[in-house]
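For reference, the structure discussed in these notes is given below.
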Amino acid sequence: MNGKRVLQLAAVVTALTITSIPARADEPCAILGPVGPVPVNGTVMGVLLETMENPPANAAPGGTGPLASGTYPVGQGVRLAQATERGTLAKGCGTLAGLVGEIVVHAQSRVMVVADATGAPVINPVSGAPDLGVGPFDGRFAIKTDAGPVSGRIEGLLDFSQTASTSTVCNGWPCPFVWVQGSWTTVRNGAGGLIGVALVPFQNPAFDAIFGAGAWLYLDPTGTLPGIPIGQGVTVSPLDVGDFSTNFGTPLAKFLVILYQ
């Protein structure tokens, strides 16, 4: 991906941006949908870092990095993974203003592996692991709020298809992010939906002069993370020290999600 194509990505991912619109006192909360603001009863936004509980050493042969994490059962076209996401829920609005706080999510997923015409897995040249499609996840979460702990369940779908080596969604190139959608439920705070994106770390020589040679980066289609703007609200952000696994030194995926009701 050269510098020109990185800049062109901005126009492509704008239509995919996930945004929470802050509400004024006389307005309802809203999330930004494909055709404009969608009113909701409440929102809260989270930035969570993911640590794989299945380490890269257990991934497919030759696999490295976030896409390789997980296990690939022999004879099965799926990727099984367990992970923990830790982060902060902020910018609470409406009925979900009380969910602001530190959150921990424990989840497992089962994502289909992309196969070629012969049934063999398509290997992603970047990760060294099989290309991935779509699959379900489920798990539990706990939030430390000012009013006390809140716990609940979470489930939904992970869509890796735009990261596949054959994807041309991002102006002819694979996208370094995974779409997330699903639902959540608690005993005390009701239930609702969630939308978001998991940012997959990538390297690009076009940014070496800015961030240093070989720097790991996030391409954030939501513009939530601080970084270098490349147009239309999209940013390129370098990983912080805390964005790497303390055990393996590998870069970690970062989830940007919105819970709404």
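Just remember, in the structure tokens the first chain shown is A, the second B, etc., residues are 1-based per chain, and ligands are 1-based in the order shown.
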
Problem - Long-range neighbours of Pro176 in chain A as a ChimeraX atom specification, 8 Å cut-off, only C-alpha atoms, 3 positions minimum in chain - result: /A:162-163,199-202,218-219

Exercise for the section: Find the spatial neighbours of Leu225 in chain A, counting only C-alpha atoms, within a cut-off of 12 Å - ignore same-chain residues fewer than 3 positions away - and output them as a PyMOL selection string. Expected result: chain A and resi 46-48+199+217-222+228-229+233-240+254-256

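Near Met112 in chain A, within a cut-off of 10 Å and counting only C-alpha atoms, sit the residues A:Gln76, A:Gly77, A:Val78, A:Arg79, A:Leu80, A:Ser109, A:Arg110, A:Val114, A:Ala115, A:Pro130, A:Asp131, A:Leu132, A:Gly133, A:Val134, A:Gly135, A:Pro136, A:Asp159, A:Phe160, A:Ser161, with same-chain residues fewer than 2 positions away left out.
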
Output of the above residues as a compact mmCIF listing (two decimals), in the first residue's frame, restricted to all heavy atoms:
# COMPACT_ATOMS: atom_id res chain seq x y z
N GLN A 76 -10.76 -28.74 10.12
CA GLN A 76 -11.89 -27.84 10.29
C GLN A 76 -11.55 -26.47 9.70
O GLN A 76 -10.47 -25.94 9.94
CB GLN A 76 -12.25 -27.66 11.77
CG GLN A 76 -12.71 -28.93 12.46
CD GLN A 76 -13.17 -28.66 13.88
OE1 GLN A 76 -13.80 -27.65 14.14
NE2 GLN A 76 -12.88 -29.57 14.78
N GLY A 77 -12.47 -25.91 8.93
CA GLY A 77 -12.23 -24.62 8.32
C GLY A 77 -12.64 -23.47 9.20
O GLY A 77 -13.40 -22.60 8.78
N VAL A 78 -12.18 -23.47 10.45
CA VAL A 78 -12.53 -22.40 11.38
C VAL A 78 -11.31 -21.97 12.19
O VAL A 78 -10.32 -22.69 12.31
CB VAL A 78 -13.63 -22.84 12.38
CG1 VAL A 78 -14.92 -23.17 11.66
CG2 VAL A 78 -13.16 -24.04 13.20
N ARG A 79 -11.38 -20.76 12.70
CA ARG A 79 -10.40 -20.24 13.64
C ARG A 79 -11.09 -20.10 14.98
O ARG A 79 -12.09 -19.39 15.10
CB ARG A 79 -9.89 -18.88 13.18
CG ARG A 79 -9.11 -18.07 14.23
CD ARG A 79 -8.95 -16.64 13.69
NE ARG A 79 -8.25 -15.74 14.57
CZ ARG A 79 -8.84 -14.93 15.44
NH1 ARG A 79 -10.16 -14.96 15.58
NH2 ARG A 79 -8.13 -14.09 16.18
N LEU A 80 -10.60 -20.78 15.98
CA LEU A 80 -11.14 -20.69 17.33
C LEU A 80 -10.24 -19.79 18.16
O LEU A 80 -9.02 -19.96 18.15
CB LEU A 80 -11.22 -22.08 17.97
CG LEU A 80 -11.99 -23.15 17.19
CD1 LEU A 80 -11.90 -24.49 17.92
CD2 LEU A 80 -13.44 -22.75 16.99
N SER A 109 -14.56 -16.74 20.03
CA SER A 109 -15.12 -16.60 18.69
C SER A 109 -14.81 -17.83 17.85
O SER A 109 -13.88 -18.59 18.13
CB SER A 109 -14.56 -15.35 18.01
OG SER A 109 -13.15 -15.43 17.87
N ARG A 110 -15.61 -18.00 16.81
CA ARG A 110 -15.45 -19.10 15.86
C ARG A 110 -15.67 -18.52 14.47
O ARG A 110 -16.80 -18.32 14.04
CB ARG A 110 -16.48 -20.20 16.17
CG ARG A 110 -16.41 -21.42 15.27
CD ARG A 110 -17.53 -22.40 15.62
NE ARG A 110 -17.52 -23.57 14.76
CZ ARG A 110 -16.84 -24.69 15.02
NH1 ARG A 110 -16.13 -24.79 16.12
NH2 ARG A 110 -16.88 -25.71 14.19
N VAL A 114 -11.31 -18.83 4.96
CA VAL A 114 -11.57 -18.74 3.53
C VAL A 114 -10.84 -19.87 2.80
O VAL A 114 -9.65 -20.08 3.01
CB VAL A 114 -11.13 -17.38 2.96
CG1 VAL A 114 -11.33 -17.31 1.46
CG2 VAL A 114 -11.88 -16.25 3.65
N ALA A 115 -11.55 -20.58 1.95
CA ALA A 115 -10.96 -21.69 1.20
C ALA A 115 -10.97 -21.39 -0.30
O ALA A 115 -11.83 -20.64 -0.79
CB ALA A 115 -11.73 -22.98 1.47
N PRO A 130 -4.33 -18.33 7.62
CA PRO A 130 -5.42 -18.35 6.64
C PRO A 130 -6.24 -17.07 6.65
O PRO A 130 -6.43 -16.45 7.69
CB PRO A 130 -6.27 -19.55 7.10
CG PRO A 130 -5.33 -20.42 7.85
CD PRO A 130 -4.39 -19.47 8.54
N ASP A 131 -6.72 -16.67 5.46
CA ASP A 131 -7.68 -15.58 5.38
C ASP A 131 -8.93 -15.98 6.15
O ASP A 131 -9.31 -17.15 6.19
CB ASP A 131 -8.06 -15.29 3.92
CG ASP A 131 -7.08 -14.36 3.23
OD1 ASP A 131 -6.30 -13.69 3.93
OD2 ASP A 131 -7.11 -14.30 1.99
N LEU A 132 -9.60 -14.98 6.75
CA LEU A 132 -10.77 -15.24 7.58
C LEU A 132 -12.01 -14.57 7.01
O LEU A 132 -11.92 -13.54 6.34
CB LEU A 132 -10.51 -14.74 9.00
CG LEU A 132 -9.31 -15.39 9.71
CD1 LEU A 132 -9.06 -14.68 11.05
CD2 LEU A 132 -9.55 -16.86 9.94
N GLY A 133 -13.17 -15.16 7.31
CA GLY A 133 -14.44 -14.61 6.88
C GLY A 133 -15.24 -14.05 8.03
O GLY A 133 -14.78 -13.17 8.75
N VAL A 134 -16.43 -14.58 8.24
CA VAL A 134 -17.35 -14.09 9.26
C VAL A 134 -17.66 -15.21 10.25
O VAL A 134 -17.73 -16.37 9.88
CB VAL A 134 -18.66 -13.59 8.62
CG1 VAL A 134 -19.62 -13.06 9.67
CG2 VAL A 134 -18.36 -12.52 7.58
N GLY A 135 -17.83 -14.85 11.51
CA GLY A 135 -18.19 -15.85 12.50
C GLY A 135 -18.69 -15.23 13.80
O GLY A 135 -18.48 -14.04 14.05
N PRO A 136 -19.33 -16.03 14.64
CA PRO A 136 -19.93 -15.51 15.87
C PRO A 136 -18.93 -15.40 17.03
O PRO A 136 -17.92 -16.10 17.07
CB PRO A 136 -21.00 -16.56 16.19
CG PRO A 136 -20.41 -17.84 15.65
CD PRO A 136 -19.68 -17.44 14.40
N ASP A 159 -16.55 -9.72 11.44
CA ASP A 159 -16.43 -9.80 9.99
C ASP A 159 -15.00 -9.46 9.57
O ASP A 159 -14.62 -8.29 9.51
CB ASP A 159 -17.43 -8.86 9.32
CG ASP A 159 -17.43 -8.99 7.80
OD1 ASP A 159 -16.59 -9.73 7.27
OD2 ASP A 159 -18.29 -8.35 7.17
N PHE A 160 -14.20 -10.51 9.31
CA PHE A 160 -12.81 -10.34 8.89
C PHE A 160 -12.67 -10.23 7.37
O PHE A 160 -11.55 -10.10 6.88
CB PHE A 160 -11.98 -11.55 9.34
CG PHE A 160 -11.63 -11.59 10.79
CD1 PHE A 160 -12.54 -12.04 11.73
CD2 PHE A 160 -10.37 -11.20 11.22
CE1 PHE A 160 -12.20 -12.10 13.08
CE2 PHE A 160 -10.03 -11.25 12.57
CZ PHE A 160 -10.95 -11.71 13.50
N SER A 161 -13.76 -10.33 6.63
CA SER A 161 -13.66 -10.49 5.18
C SER A 161 -12.90 -9.36 4.50
O SER A 161 -12.23 -9.58 3.48
CB SER A 161 -15.06 -10.63 4.58
OG SER A 161 -15.87 -9.51 4.87

Practice task
Could you pull out the residues in range 77-208 of chain A that DSSP calls strand (DSSP E) from the backbone, as an MDAnalysis selection string?
Solution key: chainID A and resid 78:94 101:112 134:145 148:159 177:186 191:199

May I have the residues from that selection written out with C-alpha atoms, as a CSV table (one decimal), in the first residue's frame?
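Final output, saved to part_19.csv:
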chain,number,residue,atom,x,y,z
A,78,VAL,CA,-12.5,-22.4,11.4
A,79,ARG,CA,-10.4,-20.2,13.6
A,80,LEU,CA,-11.1,-20.7,17.3
A,81,ALA,CA,-10.0,-17.9,19.6
A,82,GLN,CA,-10.4,-16.7,23.2
A,83,ALA,CA,-9.5,-13.2,24.1
A,84,THR,CA,-9.7,-10.6,26.8
A,85,GLU,CA,-10.4,-6.9,26.0
A,86,ARG,CA,-9.7,-4.2,28.6
A,87,GLY,CA,-10.5,-0.6,28.3
A,88,THR,CA,-12.7,2.4,29.2
A,89,LEU,CA,-16.3,3.3,28.4
A,90,ALA,CA,-16.7,7.0,28.1
A,91,LYS,CA,-18.9,9.7,26.6
A,92,GLY,CA,-22.1,8.2,28.1
A,93,CYS,CA,-25.3,9.6,26.9
A,94,GLY,CA,-29.0,9.2,27.9
A,101,GLY,CA,-16.2,3.2,33.6
A,102,GLU,CA,-13.5,0.6,33.2
A,103,ILE,CA,-14.6,-2.5,31.3
A,104,VAL,CA,-13.2,-6.0,31.0
A,105,VAL,CA,-14.6,-8.4,28.3
A,106,HIS,CA,-13.9,-12.2,28.1
A,107,ALA,CA,-15.0,-13.6,24.8
A,108,GLN,CA,-14.6,-16.5,22.4
A,109,SER,CA,-15.1,-16.6,18.7
A,110,ARG,CA,-15.5,-19.1,15.9
A,111,VAL,CA,-14.6,-17.5,12.5
A,112,MET,CA,-14.8,-19.4,9.2
A,134,VAL,CA,-17.4,-14.1,9.3
A,135,GLY,CA,-18.2,-15.8,12.5
A,136,PRO,CA,-19.9,-15.5,15.9
A,137,PHE,CA,-18.5,-14.4,19.2
A,138,ASP,CA,-20.0,-14.5,22.7
A,139,GLY,CA,-18.8,-13.7,26.2
A,140,ARG,CA,-19.3,-11.8,29.4
A,141,PHE,CA,-18.2,-8.3,30.6
A,142,ALA,CA,-17.8,-6.4,33.8
A,143,ILE,CA,-17.8,-2.6,34.2
A,144,LYS,CA,-16.6,-0.6,37.2
A,145,THR,CA,-18.9,2.4,37.4
A,148,GLY,CA,-21.0,0.1,41.5
A,149,PRO,CA,-20.2,-2.9,39.3
A,150,VAL,CA,-22.2,-3.9,36.3
A,151,SER,CA,-21.9,-7.3,34.6
A,152,GLY,CA,-23.6,-8.8,31.6
A,153,ARG,CA,-23.4,-10.9,28.5
A,154,ILE,CA,-22.3,-10.0,25.0
A,155,GLU,CA,-22.7,-11.8,21.6
A,156,GLY,CA,-22.5,-11.0,17.9
A,157,LEU,CA,-20.5,-11.3,14.7
A,158,LEU,CA,-16.9,-10.6,13.7
A,159,ASP,CA,-16.4,-9.8,10.0
A,177,PHE,CA,-9.8,-3.5,10.5
A,178,VAL,CA,-12.5,-5.9,11.4
A,179,TRP,CA,-16.2,-5.0,11.7
A,180,VAL,CA,-18.1,-5.9,14.9
A,181,GLN,CA,-21.8,-5.9,15.6
A,182,GLY,CA,-24.0,-7.6,18.2
A,183,SER,CA,-26.0,-7.2,21.3
A,184,TRP,CA,-25.5,-7.0,25.1
A,185,THR,CA,-27.6,-7.5,28.1
A,186,THR,CA,-27.4,-6.9,31.8
A,191,ALA,CA,-30.1,-4.6,27.0
A,192,GLY,CA,-29.1,-3.1,23.7
A,193,GLY,CA,-27.0,-3.3,20.6
A,194,LEU,CA,-23.3,-2.7,19.8
A,195,ILE,CA,-21.4,-1.7,16.7
A,196,GLY,CA,-17.7,-1.1,16.2
A,197,VAL,CA,-14.5,-1.9,14.6
A,198,ALA,CA,-11.3,-3.8,15.6
A,199,LEU,CA,-8.2,-2.1,14.4

Handout entry: DSSP helix (DSSP H, G or I) residues within range 79-223 of chain A, listed as a PyMOL selection string
Key = chain A and resi 97-99+161-163+205-211

Please, could you write that set of residues out with C-alpha atoms as a CSV table (one decimal), in the first residue's frame?
chain,number,residue,atom,x,y,z
A,97,ALA,CA,-24.6,7.6,30.9
A,98,GLY,CA,-24.3,5.4,34.0
A,99,LEU,CA,-22.2,2.8,32.2
A,161,SER,CA,-13.7,-10.5,5.2
A,162,GLN,CA,-12.2,-7.0,4.4
A,163,THR,CA,-8.8,-8.1,5.8
A,205,PRO,CA,6.8,2.4,4.5
A,206,ALA,CA,4.8,5.5,3.4
A,207,PHE,CA,4.7,6.6,7.1
A,208,ASP,CA,8.3,5.7,8.0
A,209,ALA,CA,9.4,9.3,7.7
A,210,ILE,CA,6.7,10.4,10.2
A,211,PHE,CA,6.6,7.5,12.7

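The environment of Thr166 in chain A within 10 Å, counting only C-alpha atoms and disregarding residues fewer than 6 places along the same chain, consists of Val122, Asn124, Asp131, Gly172, Trp173 and Pro174 of chain A.
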
Filtering to all heavy atoms, could you give me those residues as a compact mmCIF listing (two decimals), in the first residue's frame?
# COMPACT_ATOMS: atom_id res chain seq x y z
N VAL A 122 -6.91 -20.28 2.04
CA VAL A 122 -6.18 -19.21 1.37
C VAL A 122 -5.28 -18.53 2.40
O VAL A 122 -5.78 -18.00 3.40
CB VAL A 122 -7.14 -18.19 0.74
CG1 VAL A 122 -6.37 -17.03 0.11
CG2 VAL A 122 -8.03 -18.86 -0.29
N ASN A 124 -2.97 -15.75 3.96
CA ASN A 124 -2.74 -14.32 3.88
C ASN A 124 -1.24 -14.05 3.92
O ASN A 124 -0.57 -14.43 4.88
CB ASN A 124 -3.43 -13.63 5.06
CG ASN A 124 -3.45 -12.12 4.92
OD1 ASN A 124 -2.42 -11.49 4.77
ND2 ASN A 124 -4.64 -11.55 5.00
N ASP A 131 -6.72 -16.67 5.46
CA ASP A 131 -7.68 -15.58 5.38
C ASP A 131 -8.93 -15.98 6.15
O ASP A 131 -9.31 -17.15 6.19
CB ASP A 131 -8.06 -15.29 3.92
CG ASP A 131 -7.08 -14.36 3.23
OD1 ASP A 131 -6.30 -13.69 3.93
OD2 ASP A 131 -7.11 -14.30 1.99
N GLY A 172 -8.94 -1.05 -3.52
CA GLY A 172 -8.14 -2.07 -4.17
C GLY A 172 -7.22 -2.84 -3.26
O GLY A 172 -6.48 -3.72 -3.71
N TRP A 173 -7.27 -2.55 -1.96
CA TRP A 173 -6.42 -3.22 -0.99
C TRP A 173 -7.25 -3.78 0.15
O TRP A 173 -8.34 -3.28 0.43
CB TRP A 173 -5.39 -2.24 -0.41
CG TRP A 173 -4.39 -1.76 -1.40
CD1 TRP A 173 -4.53 -0.72 -2.26
CD2 TRP A 173 -3.11 -2.32 -1.65
NE1 TRP A 173 -3.40 -0.58 -3.04
CE2 TRP A 173 -2.50 -1.54 -2.68
CE3 TRP A 173 -2.39 -3.38 -1.09
CZ2 TRP A 173 -1.23 -1.82 -3.16
CZ3 TRP A 173 -1.12 -3.64 -1.58
CH2 TRP A 173 -0.55 -2.87 -2.60
N PRO A 174 -6.71 -4.78 0.87
CA PRO A 174 -7.38 -5.24 2.09
C PRO A 174 -7.39 -4.12 3.13
O PRO A 174 -6.50 -3.27 3.15
CB PRO A 174 -6.50 -6.41 2.56
CG PRO A 174 -5.79 -6.87 1.33
CD PRO A 174 -5.55 -5.64 0.53

Practice task
For Gln261 in chain A, list every protein, DNA or RNA residue within 6 Å, evaluated using only C-alpha atoms, and leave out those in the same chain fewer than 6 positions away; present the list as a list in words.
Solution key: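 These residues fall inside the cut-off: Val40, Asn41, Gly42 and Gly192 of chain A.
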
Kindly export the residues of the current selection with all heavy atoms, as a short mmCIF file (atom, residue, chain, number, x, y, z; two decimals), in the first residue's frame.
data_model
loop_
_atom_site.label_atom_id
_atom_site.label_comp_id
_atom_site.auth_asym_id
_atom_site.auth_seq_id
_atom_site.Cartn_x
_atom_site.Cartn_y
_atom_site.Cartn_z
N VAL A 40 -31.34 7.24 19.39
CA VAL A 40 -31.38 6.11 20.32
C VAL A 40 -31.59 6.66 21.72
O VAL A 40 -31.45 7.86 21.97
CB VAL A 40 -30.08 5.28 20.26
CG1 VAL A 40 -29.93 4.58 18.93
CG2 VAL A 40 -28.85 6.15 20.54
N ASN A 41 -31.91 5.76 22.64
CA ASN A 41 -32.16 6.20 24.02
C ASN A 41 -30.88 6.50 24.79
O ASN A 41 -30.89 7.29 25.73
CB ASN A 41 -32.96 5.14 24.77
CG ASN A 41 -34.37 5.00 24.23
OD1 ASN A 41 -34.97 5.99 23.83
ND2 ASN A 41 -34.88 3.79 24.20
N GLY A 42 -29.79 5.84 24.42
CA GLY A 42 -28.54 6.06 25.12
C GLY A 42 -27.37 5.46 24.38
O GLY A 42 -27.53 4.52 23.59
N GLY A 192 -29.25 -3.95 24.84
CA GLY A 192 -29.11 -3.07 23.70
C GLY A 192 -28.23 -3.69 22.64
O GLY A 192 -27.93 -4.89 22.67
#

Problem - Point-to-point distance in Å for CA of Thr224 in chain A and CA of Gly190 in chain A - result: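 Computing it gives 26.7 Å between the two atoms.
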
Completion exercise
What separates CA of Asp243 in chain A and CA of Gln203 in chain A is a distance of 14.3 Å

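Minimum atom-to-atom distance to Val100 in chain A, evaluated using only C-alpha atoms, belongs to A:Val44 out of A:Met52, A:Ala253, A:Ile230, A:Val44.
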